[in-house]
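Visitor: One structure, as structure tokens, below. Some questions next.
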Amino acid sequence: MVKSSYLLGIDSGTTSCKTVLYTLDGEPVATASAPHKIYHPQPSWAEQDPDDWWRSAVKTIKNVIKRANIKGEDITGISVDSQREAVVSLDNQGKKLSNSIIWLDQRAIPQQEKIKNILPLNDVLSITGVPIDFIFSAPKILWIKEERTNIYRKISKFLCAKDYIVYKLTGEMFTDYSMASRTMLFDIKKLCWSEKICNELGISIDLLPPVKGSWEVAGEVSSAVARLTGLKKGTPVACGGGDRPCEALGAGVVNVGTVNIGTGTGSVFEVPLLQPRIDTSGRIDCCCHVIPDRWEYEILVNSTGASLSWFTDNFGFKKITKAENNGVPQYKFFDEEASIVDAGANNLFYYPYLWGARAPVFNPKARGVFFGFSHGHTRAHFIRAILEGVAFQYLEVLKILMTMGVSVSKFRMVGGETKSALWNRIKADVINIPIEIPRVTEAASLGSAILAGLATKMFTDVNKAVETVVKVGAVYEPRKDLHGKYQRIYKTYWRIYTLLEKAFNELNW
């Protein structure tokens with residue numbers, strides 16, 4: 001083995017930067033994290049300082065090198081993934097001109113409506129794979145153009161979040177296909193910026209960075225950055241990618257038939273495709289993957305992990321806090337409580353729509369509901385109902401995929417929800433497909449490390465890299481008897497939803 005035997009994956013998320021040093025066979029050696037602050041100048045606005053991202057990256061790189069007790073020259077390659085849709089405005093000297101408008105920001109809703117009057121939805125979908133939505137970069141860029149003209153006149157280049165970190169590491173400005181496909185300006189079939197959409201919106205392509213594959217080298221660590229971080233000057237830095245497709249790669253989900261579910265506040269189904277297949281209804285995004293010749297569907301289920309967090313914060317938190325203080329992890333506490341309750345939670349149903357519903361019902365008026373509780377229900381029943389209510393959303397998403405011609409033989413799942421063994425079992429029993437939990441469940445940084453290995457030729461093939469690096473920690477097989485019981489409960493659950501849907505329209509939101 002060569003002397004330099006480590007890969008560095010930098011996962012720059014919305015709330016924090018997590019940097020992990022991996023061996024070439026995917027074993028985490030050292031980890032460091034640093035928080036990101038979100039600014040809200042107005043209630044519906046959400047901004048971040050790009051230099052906060054950079055400072056967090058520098059801090060975590062230095063800490064990882066120190067904790068691993070290695071030298072910068074031992075790191076073969078580096079890659080970065082990040083939140084998507086955020087835009088960074090740079091002048092002709094490469095200096096930021098303002099804070100970044102991130103994906104949580106809602107200020108560009110008027111620009112979204114203007115775009116609908118300029119471009120037919122079918123044109124946008126067929127070219128970009130995504131609908132007209134303020135979350136994407138294009139409406140944010142238009143907002144800057146219309147509302148911050150003094151800044152817009154000075155802009156030389158727009159970058160995405162991880163692109164800014166790569167730029168600070170190397171001095172090179174690029175984005176990759178996966179990030180570009182979340183701008184609403186990129187042709188996902190031709191793999192280039194769409195002249196048609198950019199011209200119609202009055203956004204010069206010259207303001208957009210060159211696009212590379214996530215697995216290609218963007219540049220090398222500069223001498224100034226080497227002095228600042230402890231990295232070796234000249235270390236290759238991969239172009240990197242979006243956090244969600246990097247997460248799928250880190251879970252080993254690169255081929256058709258296997259689906260990754262990234263869990264956290266919400267859950268995202270990441271579905272590999274051999275070619276771009278547009279959802280003409282505009283419900284499901286079709287984006288570029290971070291590996292060659294792959295695209296993916298992305299399907300968001302709102303308020304999955306957030307439902308359990310909400311319940312914890314508002315009901316029974318003292319007992320949970322006491323359990324954690326005694327060394328009992330939160331999810332183990334949930335498992336112990338909910339496991340004493342039979343499947344179906346004694347006809348208590350939960351609908352996880354705390355801020356409206358994306359998939360599977362696509363109803364912004366929907367709200368969270370506990371239905372059917374009586375004096376005989378305990379907190380354990382409520383916890384069980386939350387776990388099952390989320391699992392029922394998963395099965396409905398699976399049925400949507402089937403109607404779109406996607407065949408699924410296996411699920412992998414990463415993120416916070418995987419800490420609950422009972423929840424994993426319930427999901428497998430409900431959807432009736434095995435669920436595999438990789439050993440590395442915070443998979444985005446591992447996906448980044450794999451990209452670093454591909455860029456530096458430490459890995460010559462994506463599938464071989466995944467076979468070497470990604471290891472399964474646990475497998476949850478569906479149990480036939482419980483699946484049969486859940487099938488009956490599931491039918492009742494969704495019949496009740498159709499009645500609730502009418503009630504949602506009565507609420508004055």
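Every chain in the structure tokens takes a letter, A first, then B, and so on in the order presented; its residues are numbered from 1, and the ligands are numbered from 1 following the presented order.
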Write down as a ChimeraX atom specification the residues of stretch 244-397 of chain A whose backbone DSSP state falls under strand (DSSP E).

Guide: /A:258-263,267-273,285-288,295-301,349-351,369-371

Visitor: Name the residues in contact with stretch 48-63 of chain A at a cut-off of 6 Å, using only C-alpha atoms, excluding same-chain residues fewer than 5 positions from it; report them as a tab-separated table (two decimals) with C-alpha atoms, in the first residue's frame.

Guide:
chain	number	residue	atom	x	y	z
A	19	THR	CA	-15.22	16.02	8.37
A	32	ALA	CA	-14.61	16.39	13.77
A	33	SER	CA	-17.57	18.72	13.47
A	34	ALA	CA	-18.28	22.44	13.78
A	38	ILE	CA	-28.32	30.42	10.10
A	99	ASN	CA	-24.41	36.09	2.48
A	100	SER	CA	-25.73	33.00	0.72
A	165	ILE	CA	-15.17	25.36	-0.15
A	229	THR	CA	-4.85	23.42	7.66

Visitor: Using only C-alpha atoms, what table do you get, as CSV, when you list each residue of stretch 202-227 of chain A with an atom no more than 12 Å from stretch 183-195 of chain A, its nearest pair of atoms, and their distance in Å rounded to one decimal, rows by chain then rising number?

Guide:
residue,atom,partner,partner_atom,distance
A:Gly202,CA,A:Glu195,CA,10.1
A:Ile203,CA,A:Leu185,CA,9.2
A:Ser204,CA,A:Glu195,CA,8.8
A:Ile205,CA,A:Trp193,CA,7.1
A:Asp206,CA,A:Trp193,CA,10.1
A:Leu207,CA,A:Trp193,CA,10.9
A:Leu208,CA,A:Trp193,CA,8.2
A:Pro209,CA,A:Trp193,CA,9.5
A:Pro210,CA,A:Cys192,CA,8.9
A:Val211,CA,A:Cys192,CA,7.3
A:Lys212,CA,A:Leu191,CA,9.4
A:Gly213,CA,A:Leu191,CA,9.8

Visitor: Taking the backbone alone, and naming residues the way the document does, which bits of stretch 202-275 of chain A are alpha helix (DSSP H) by DSSP, as a list in words?

Guide: Ser223, Ala224, Val225, Ala226, Arg227, Leu228, Thr229, Asp243, Arg244, Pro245, Cys246, Glu247, Ala248, Leu249 and Gly250 of chain A

Visitor: Enter the distance from atom CA of A:Ala345 to atom CA of A:Phe382, in Å, rounded to one decimal.

Guide: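 Calculated distance between atom CA of A:Ala345 and atom CA of A:Phe382 is 7.5 Å.
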
Visitor: Ranking A:Gly129, A:Gly344, A:Pro35, A:Pro245 by minimum distance to A:Phe269 and counting only C-alpha atoms, which one comes first?

Guide: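 Among the listed residues, the smallest separation from A:Phe269 belongs to A:Pro245.
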
Visitor: So how far away is atom CA of A:Leu169 from atom CA of A:Val225, in Å?

Guide: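 Separation of atom CA of A:Val225 and atom CA of A:Leu169: 6.2 Å.
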